[in-house]
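A short write-up of the structure that comes next.
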Amino acid sequence: MFSVPLRLQSRTTLASFGFYVKNCPVLNLIRAASAEGPCGCFDKGAASGSSGPKSKHQITYQPYRMPEFKPHDKKNMDLNRPMSPHLLIYAPTEPAMTSIVERITGVILTFYAILLSCGTLFLSNGVETYVSIIQSLDLSRPMIFLIKLSLGAPFAFHYFNGIRFCLWNAGKMLAMKDVQDSAKKVYIGTAVLSLLFAIL
């Protein structure tokens, strides 16, 4: 007695389920993803046999071929790449020059420190003995003045320019006008302190 309604109900349920399967957005996404290739493009074979969306980008697989070897310069010339300019074509700037001289004077002062420490540790007599030997050479006053000036100038420049660099690290005097003014002050301080070393 209940067989006919059950058959009708089962047919209705299957029809609604088929409609749901055909129009389900989640299942459509799964079908589209299954047709995609390894890089996200739709493969020809998978896309032609499925009802999912098709893409204009198709994958074509080819065997790998080793590219032709070219030297670095030849490759850049063939590709019309601009060559990087050399450092010497740039005009020297004051911040760059003061930075370079700061490092050079740092190396000179390190040599001073190593020379004095090694002389104190390994030489048999004290520093006073060698100072007296230098004094016994009877050098002229201008020569002594120049020697003292050349020895004191690296220390004076490194000292004043080091203060300038510390101010830069603190975020001060970074405007171009302040950079140039501070460089002039470093030159003046170096000259004055070097002259004081030479006169003493």
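Identifiers in the structure tokens: chain A, B, ... in order shown; residue index from 1 per chain; ligand index from 1 in order shown.
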(message) Would you pick out the contacts of stretch 145-151 of chain A at 12 Å or less, using only C-alpha atoms, so that residues sharing its chain but fewer than 4 positions from it are not included, and give the list as a ChimeraX atom specification?
(response) /A:105,108-109,111-112,134,139-141,155-157,190-200
Please produce a file of the residues just selected, as a short mmCIF file (atom, residue, chain, number, x, y, z; two decimals), in the first residue's frame, where the atoms kept are N, CA and C atoms.
data_model
loop_
_atom_site.label_atom_id
_atom_site.label_comp_id
_atom_site.auth_asym_id
_atom_site.auth_seq_id
_atom_site.Cartn_x
_atom_site.Cartn_y
_atom_site.Cartn_z
N THR A 105 93.34 57.90 9.11
CA THR A 105 93.92 58.36 10.38
C THR A 105 93.72 57.33 11.49
N ILE A 108 96.52 54.93 11.11
CA ILE A 108 97.78 55.54 11.57
C ILE A 108 97.85 55.54 13.09
N LEU A 109 96.76 55.89 13.75
CA LEU A 109 96.75 55.90 15.22
C LEU A 109 96.90 54.49 15.78
N PHE A 111 98.65 52.17 14.36
CA PHE A 111 100.09 51.91 14.22
C PHE A 111 100.87 52.60 15.33
N TYR A 112 100.50 53.82 15.70
CA TYR A 112 101.15 54.51 16.82
C TYR A 112 101.02 53.68 18.11
N ILE A 134 116.98 60.46 19.67
CA ILE A 134 116.44 61.34 18.62
C ILE A 134 116.91 62.77 18.84
N LEU A 139 118.60 67.72 15.00
CA LEU A 139 117.75 68.14 13.89
C LEU A 139 117.43 69.62 14.01
N SER A 140 117.22 70.25 12.87
CA SER A 140 116.89 71.68 12.87
C SER A 140 115.47 71.89 13.39
N ARG A 141 115.20 73.11 13.84
CA ARG A 141 113.88 73.41 14.38
C ARG A 141 112.76 73.23 13.35
N PHE A 155 96.05 62.46 14.76
CA PHE A 155 95.29 62.37 16.01
C PHE A 155 94.25 63.48 16.10
N ALA A 156 94.63 64.71 15.74
CA ALA A 156 93.70 65.83 15.85
C ALA A 156 92.50 65.65 14.91
N PHE A 157 92.78 65.26 13.66
CA PHE A 157 91.67 65.08 12.72
C PHE A 157 90.76 63.94 13.15
N THR A 190 91.54 70.78 13.66
CA THR A 190 92.72 69.97 13.35
C THR A 190 93.96 70.84 13.21
N ALA A 191 93.82 71.97 12.50
CA ALA A 191 94.97 72.86 12.30
C ALA A 191 95.45 73.45 13.63
N VAL A 192 94.52 73.88 14.47
CA VAL A 192 94.90 74.51 15.74
C VAL A 192 95.57 73.50 16.66
N LEU A 193 94.97 72.31 16.81
CA LEU A 193 95.53 71.31 17.71
C LEU A 193 96.86 70.77 17.20
N SER A 194 97.01 70.63 15.89
CA SER A 194 98.28 70.16 15.34
C SER A 194 99.38 71.19 15.56
N LEU A 195 99.06 72.46 15.41
CA LEU A 195 100.04 73.50 15.69
C LEU A 195 100.45 73.51 17.15
N LEU A 196 99.48 73.27 18.06
CA LEU A 196 99.83 73.18 19.49
C LEU A 196 100.77 72.02 19.76
N PHE A 197 100.52 70.87 19.13
CA PHE A 197 101.43 69.74 19.29
C PHE A 197 102.83 70.08 18.78
N ALA A 198 102.90 70.78 17.66
CA ALA A 198 104.20 71.09 17.05
C ALA A 198 104.98 72.12 17.85
N ILE A 199 104.26 73.05 18.48
CA ILE A 199 104.94 74.10 19.25
C ILE A 199 105.47 73.56 20.56
N LEU A 200 104.79 72.65 21.19
CA LEU A 200 105.22 72.11 22.48
C LEU A 200 106.55 71.37 22.38
#
(message) Taking the DSSP secondary structure from the backbone, can you list the residues of stretch 97-192 of chain A that are helix (DSSP H, G or I), as JSON, numbers by chain?
(response) {"A": [97, 98, 99, 100, 101, 102, 103, 104, 105, 106, 107, 108, 109, 110, 111, 112, 113, 114, 115, 116, 117, 118, 119, 120, 121, 122, 127, 128, 129, 130, 131, 132, 133, 134, 135, 141, 142, 143, 144, 145, 146, 147, 148, 149, 150, 151, 152, 153, 154, 155, 156, 157, 158, 159, 160, 161, 162, 163, 164, 165, 166, 167, 168, 169, 176, 177, 178, 179, 180, 181, 182, 183, 184, 185, 186, 187, 188, 189, 190, 191, 192]}
For the selection you just gave me, I'd like the residues written to a file as a tab-separated table (two decimals), in the first residue's frame, keeping C-alpha atoms.
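So the final result, stored in selection.tsv, reads:
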chain	number	residue	atom	x	y	z
A	97	MET	CA	86.51	62.39	1.61
A	98	THR	CA	86.26	63.10	5.33
A	99	SER	CA	85.03	59.54	5.88
A	100	ILE	CA	87.97	58.10	3.94
A	101	VAL	CA	90.49	60.29	5.81
A	102	GLU	CA	88.86	59.27	9.09
A	103	ARG	CA	89.63	55.64	8.36
A	104	ILE	CA	93.17	56.40	7.21
A	105	THR	CA	93.92	58.36	10.38
A	106	GLY	CA	92.42	55.52	12.42
A	107	VAL	CA	94.92	53.10	10.85
A	108	ILE	CA	97.78	55.54	11.57
A	109	LEU	CA	96.75	55.90	15.22
A	110	THR	CA	96.52	52.12	15.54
A	111	PHE	CA	100.09	51.91	14.22
A	112	TYR	CA	101.15	54.51	16.82
A	113	ALA	CA	99.57	52.47	19.62
A	114	ILE	CA	101.15	49.17	18.45
A	115	LEU	CA	104.56	50.80	18.03
A	116	LEU	CA	104.53	52.34	21.51
A	117	SER	CA	103.23	49.20	23.21
A	118	CYS	CA	105.71	46.90	21.47
A	119	GLY	CA	108.53	49.34	22.21
A	120	THR	CA	107.60	49.41	25.88
A	121	LEU	CA	107.32	45.61	26.15
A	122	PHE	CA	110.17	44.31	24.00
A	127	VAL	CA	111.15	55.26	25.90
A	128	GLU	CA	113.26	58.04	27.40
A	129	THR	CA	116.41	56.45	26.00
A	130	TYR	CA	115.14	56.56	22.45
A	131	VAL	CA	113.84	60.10	22.88
A	132	SER	CA	117.33	61.13	23.95
A	133	ILE	CA	118.76	59.34	20.89
A	134	ILE	CA	116.44	61.34	18.62
A	135	GLN	CA	117.43	64.55	20.40
A	141	ARG	CA	113.88	73.41	14.38
A	142	PRO	CA	111.86	73.43	11.13
A	143	MET	CA	112.47	69.69	10.73
A	144	ILE	CA	111.37	68.99	14.30
A	145	PHE	CA	108.32	71.21	13.75
A	146	LEU	CA	107.33	69.27	10.62
A	147	ILE	CA	107.82	65.90	12.33
A	148	LYS	CA	105.67	66.93	15.28
A	149	LEU	CA	103.05	68.38	12.95
A	150	SER	CA	102.86	65.18	10.88
A	151	LEU	CA	102.58	63.07	14.04
A	152	GLY	CA	99.92	65.22	15.67
A	153	ALA	CA	97.70	65.94	12.64
A	154	PRO	CA	96.25	62.40	12.33
A	155	PHE	CA	95.29	62.37	16.01
A	156	ALA	CA	93.70	65.83	15.85
A	157	PHE	CA	91.67	65.08	12.72
A	158	HIS	CA	90.53	61.69	13.99
A	159	TYR	CA	89.48	63.22	17.30
A	160	PHE	CA	87.39	66.09	15.92
A	161	ASN	CA	85.93	64.18	13.00
A	162	GLY	CA	85.05	61.30	15.36
A	163	ILE	CA	82.96	63.74	17.43
A	164	ARG	CA	81.27	64.80	14.18
A	165	PHE	CA	80.45	61.19	13.33
A	166	CYS	CA	79.03	60.61	16.81
A	167	LEU	CA	76.70	63.57	16.31
A	168	TRP	CA	75.57	62.07	13.01
A	169	ASN	CA	74.84	58.76	14.70
A	176	MET	CA	73.84	69.37	3.95
A	177	LYS	CA	74.58	72.88	5.24
A	178	ASP	CA	75.35	71.48	8.71
A	179	VAL	CA	77.54	68.77	7.18
A	180	GLN	CA	79.63	71.34	5.32
A	181	ASP	CA	79.85	73.68	8.32
A	182	SER	CA	80.91	70.87	10.63
A	183	ALA	CA	83.61	69.83	8.12
A	184	LYS	CA	85.05	73.36	8.19
A	185	LYS	CA	85.08	73.29	11.99
A	186	VAL	CA	86.92	69.96	11.88
A	187	TYR	CA	89.57	71.47	9.58
A	188	ILE	CA	90.04	74.47	11.87
A	189	GLY	CA	90.23	72.33	15.01
A	190	THR	CA	92.72	69.97	13.35
A	191	ALA	CA	94.97	72.86	12.30
A	192	VAL	CA	94.90	74.51	15.74
(request) Would you mind reading off the distance between atom CA of A:Pro95 and atom CA of A:Ala175, one decimal, in Å? (result)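 Interatomic distance here is 11.7 Å.
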(request) Tell me, in Å to one decimal, how far atom CA of A:Gln58 is from atom CA of A:Leu79. (result)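 Distance reported for this atom pair: 28.1 Å.
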(request) For atom CA of A:His72 and atom CA of A:Ser84, quote the distance in Å rounded to one decimal. (result) 13.1 Å
